[in-house]
Amino acid sequence: MGKWMVTWPVPRLSPSQDCHYLFIVFTAEACGPSRCCFQDLPYQDADSGSPPGSASGPRDLHCYRIIDGGYECSWEYEGPTAGVSHFLRCCLKPGRCCYFAAGSATKLQFSDQDGVSVLYAVTFWVESWATNRTEKSPKITLKLYSSVKYNPPPGDIKVSRSAGQLRMEWETPDGQGGAEVQFRHRTPGRPWKLGDCGHQDDAGFESCLCPLEKDMAQELQLRRRQDRSGALGGPWSSWSNPVCIPSETPPQPKVRFLVEPLGPNRRRRVTLQWQQPQLQLPEGCRGPKSGAEVTYHLHLHMLSCRCKAQATKTLRLSRMLSLSGAAYDLAVIARDRFGPGPNQSCHIPAHTRTEPGAVNISTGANGTTMRWPAQAPGLTYCIEWQPQGQDGIPATCALTEPKDRDPAGMATYHWSRASGAMGQEACYRITIFASAHPEKPISWSTILSSYHFEGNASVAGSPQHVSVKTLGLDSVSVNWMPSLLSTCPGVLKEYVVHYWDEDSDQVSELPVNSTETQAILGGLRAGATYSVKVRADTATLRGAWSQPQRFHMVQVFELPDLSVVFASLGSFLSILLLGVLVYLNPNRAFRHLCPPLPTPCASTAVKFLGSQEKQAWQWTSPADFLQEEKEEEESLNEALVVTMPWDKGEGADVDIPEPLKDKMELLQRVPEPALDTELPLEDRRQVQGYPEVVTLRPGEQDNLEGSPAQEAGLTLVLEDIVQSPRASGPQHVGLDA
């Protein structure tokens with residue numbers, strides 16, 4: 001191939017954007033590594049193209065002007081890349097084409113001095129060559145100078161949450177206003193999702209609203225391109241650096257607080273048991289300081305000693321704390337890029353155990369002085385006092401400047417009455433804290449805690465409502481209301497009960513524990529008059545006596561044993577009651593003991609036939625009744641029972657008295673009355689105390705024959721005859737049909 005030369009005008013851009021045309025001469029020998037070569041391609045069959053429907057080859061070609069200077073073309077290649085070489089083809093017009101050899105790269109930069117026109121339309125495509133094939137990308141035609149590739153948003157993107165959405169803001173890059181912005185986001189284990197931020201009108205700032213994941217962290221990226229007012233937009237910028245967003249509700253660790261008692265160093269050890277939850281993050285957010293991480297902090301608030309300089313402090317969540325005996329509020333806070341989130345709080349109450357007598361308080365004309373054992377020199381003390389039972393009211397406190405200890409090794413605090421400190425007569429809880437660094441809430445230690453009764457303890461502690469109750473012949477119980485000093489732990493030492501015999505002036509005293517409000521006085525003299533009074537003492541002060549109470553021991557004479565008297569009286573009343581009952585109801589008692597025999601009225605033997613209803617019965621003389629009665633009594637004494645066999649109509653061969661036998665024969669000779677015959681009502685009334693005669697219906701009488709009831713019937717008749725009354729003279733019994 002011979003030498004040849006090509007010339008054409010190329011615009012040269014100056015900093016003032018003026019266009020100058022240069023005539024550049026290229027020869028075949030002018031091909032270099034960074035210039036567009038107008039020679040033949042270094043491979044054969046350059047126009048073979050890609051197979052139809054092939055999924056491999058170059059694609060997605062973009063050529064554009066770079067804002068920072070120069071020009072660039074980029075593309076993608078699908079398929080195996082081993083042994084593949086890429087060539088960027090440029091055609092200024094048909095028949096005038098050149099190429100850039102890119103090798104295995106998919107991006108190529110060049111300038112306006114490399115033989116490619118930037119003001120006129122140029123056609124670009126990519127040819128990817130392998131050993132036995134050549135693949136081409138689709139062709140694009142554009143003016144390089146007008147096609148500008150914007151920069152992605154800068155790294156300092158501000159992120160905020162608003163109404164369940166994310167708002168991202170950034171400054172518009174210089175000279176790149178009016179851009180179109182897109183975003184993409186993904187969550188752990190999920191693919192990218194594309195979203196549109198729209199056209200940006202603000203020349204100074206650009207923004208984008210994105211969805212906010214409630215329970216998962218997410219990764220976002222942004223890109224920009226030139227918006228061409230109805231025409232096809234410019235090439236997209238590269239994606240921005242990842243913007244990592246934590247979930248809206250970060251996971252919370254489960255924390256347990258274990259508080260130990262106050263130790264010898266006058267501090268309490270607080271142990272925090274917790275396990276940090278594992279966060280699931282997208283691929284681009286797993287590095288340190290990505291923005292999606294969640295940190296946990298401990299917020300400490302010292303409630304006691306409010307007059308100190310600093311009361312709160314936020315610490316990194318640790319496993320161990322050393323705190324004073326003051327009251328604290330602790331909160332574990334989850335913090336992410338948006339600030340603190342939900343927290344778990346815990347209240348640690350103040351240490352309430354006191355040391356009796358640890359504080360020496362004296363009151364004089366100039367005020368009140370408090371003294372306690374001093375600690376190391378240079379410490380700041382915080383003295384706090386609060387009326388007992390008023391925990392809801394903030395305690396009063398005062399700070400003392402660091403000073404040296406006095407010769408006795410004591411620290412002092414003095415206040416006057418005009419200051420109003422402990423102004424009311426009441427029980428106060430006093431706590432003293434010390435710190436070498438009072439500006440740090442975790443540096444305080446509890447020196448001591450005690451109770452003090454402010455006021456005239458001697459008068460205020462006098463027991464009230466003293467009463468005396470007799471327990472026996474020589475003992476009484478003395479009771480009183482608790483002293484006001486008993487509400488102050490460690491202040492009241494004991495009660496003293498003082499009593500004396502007014503007749504003999506014998507005086508006695510009895511000490512009583514401070515928790516008791518009763519004393520038993522024994523060995524008292526019967527008939528004597530006593531007086532008693534009570535006082536309440538502290539460790540350093542005797543209390544005032546209560547008002548004396550007089551009581552008299554009654555003289556009691558010995559009485560007989562009351563149990564014997566009550567036993568005798570009970571026996572007498574029982575016998576008397578039994579005699580009255582027997583006297584008033586002899587017949588009823590006899591009837592229950594000896595029930596009466598059946599009467600003739602209950603037997604059918606007294607019924608007569610109709611022919612004998614008007615027949616009159618006449619007894620011979622009253623003597624017969626007497627004789628018969630005597631004989632009947634003799635027969636009754638023999639306790640004879642007569643049974644007559646009704647079926648044969650014959651009497652039994654027994655020894656029966658003649659009068660009874662005659663009556664029995666008479667009864668047997670009497671004709672059987674009619675079945676429906678019964679005594680008239682008038683005759684039945686004459687027989688007092690006997691039941692009415694029972695009339696047997698036909699068939700019922702036959703059923704009785706030969707039965708035990710029939711055999712017993714005659715026995716009842718004989719008994720009724722024996723028990724029937726005897727008249728002094730003849731009696732006529734009238735029987736009506």
# chains A, B, ... in the order shown; residues from 1 in each chain; ligands from 1
>>> residues_around(residues="A:Pro246", least_positions_apart="2", cutoff="10 Å", atoms="only C-alpha atoms", output="list in words")
Leu212, Glu213, Lys214, Asp215, Met216, Ala217, Gln218, Glu219, Cys244, Glu248, Thr249, Pro250, Leu279, Gln280, Leu281, Cys285, Ser290, Gly291, Ala292, Glu293, Val294, Asp336, Arg337 and Phe338 of chain A
>>> select_by_dssp(residues="stretch 467-543 of chain A", states="helix (DSSP H, G or I)", output="PyMOL selection string")
chain A and resi 484-487
>>> closest_residue(among="A:Glu355, A:Glu502, A:Asp329, A:Glu78", to="A:Leu303", atoms="only C-alpha atoms")
A:Asp329
>>> select_by_dssp(residues="stretch 351-578 of chain A", states="strand (DSSP E or B)", output="ChimeraX atom specification")
/A:360-364,367-373,380-387,396-400,410-415,426-435,445-454,467-470,476-479,492-501,506-513,518-521,529-538,549-552
>>> residues_around(residues="A:Asp501", least_positions_apart="4", cutoff="6 Å", atoms="only C-alpha atoms", output="count of residues only")
3
>>> atom_distance(atom1="atom CA of A:Met422", atom2="atom CA of A:Thr368")
9.7 Å
>>> closest_residue(among="A:Gly103, A:Pro394, A:Gly339, A:Gly364", to="A:Trp415", atoms="only C-alpha atoms")
A:Gly364
>>> residues_around(residues="stretch 157-173 of chain A", least_positions_apart="5", cutoff="10 Å", atoms="only C-alpha atoms", output="list in words")
Tyr150, Asn151, Pro152, Gly178, Ala179, Gln200, Asp202, Ala203, Gly204, Phe205, Glu206, Ser207, Cys208, Leu209, Cys210, Pro211, Leu212, Glu213, Lys214, Leu222, Ser240, Asn241, Val243, Cys244, Ile245, Glu248, Arg337 and Phe338 of chain A
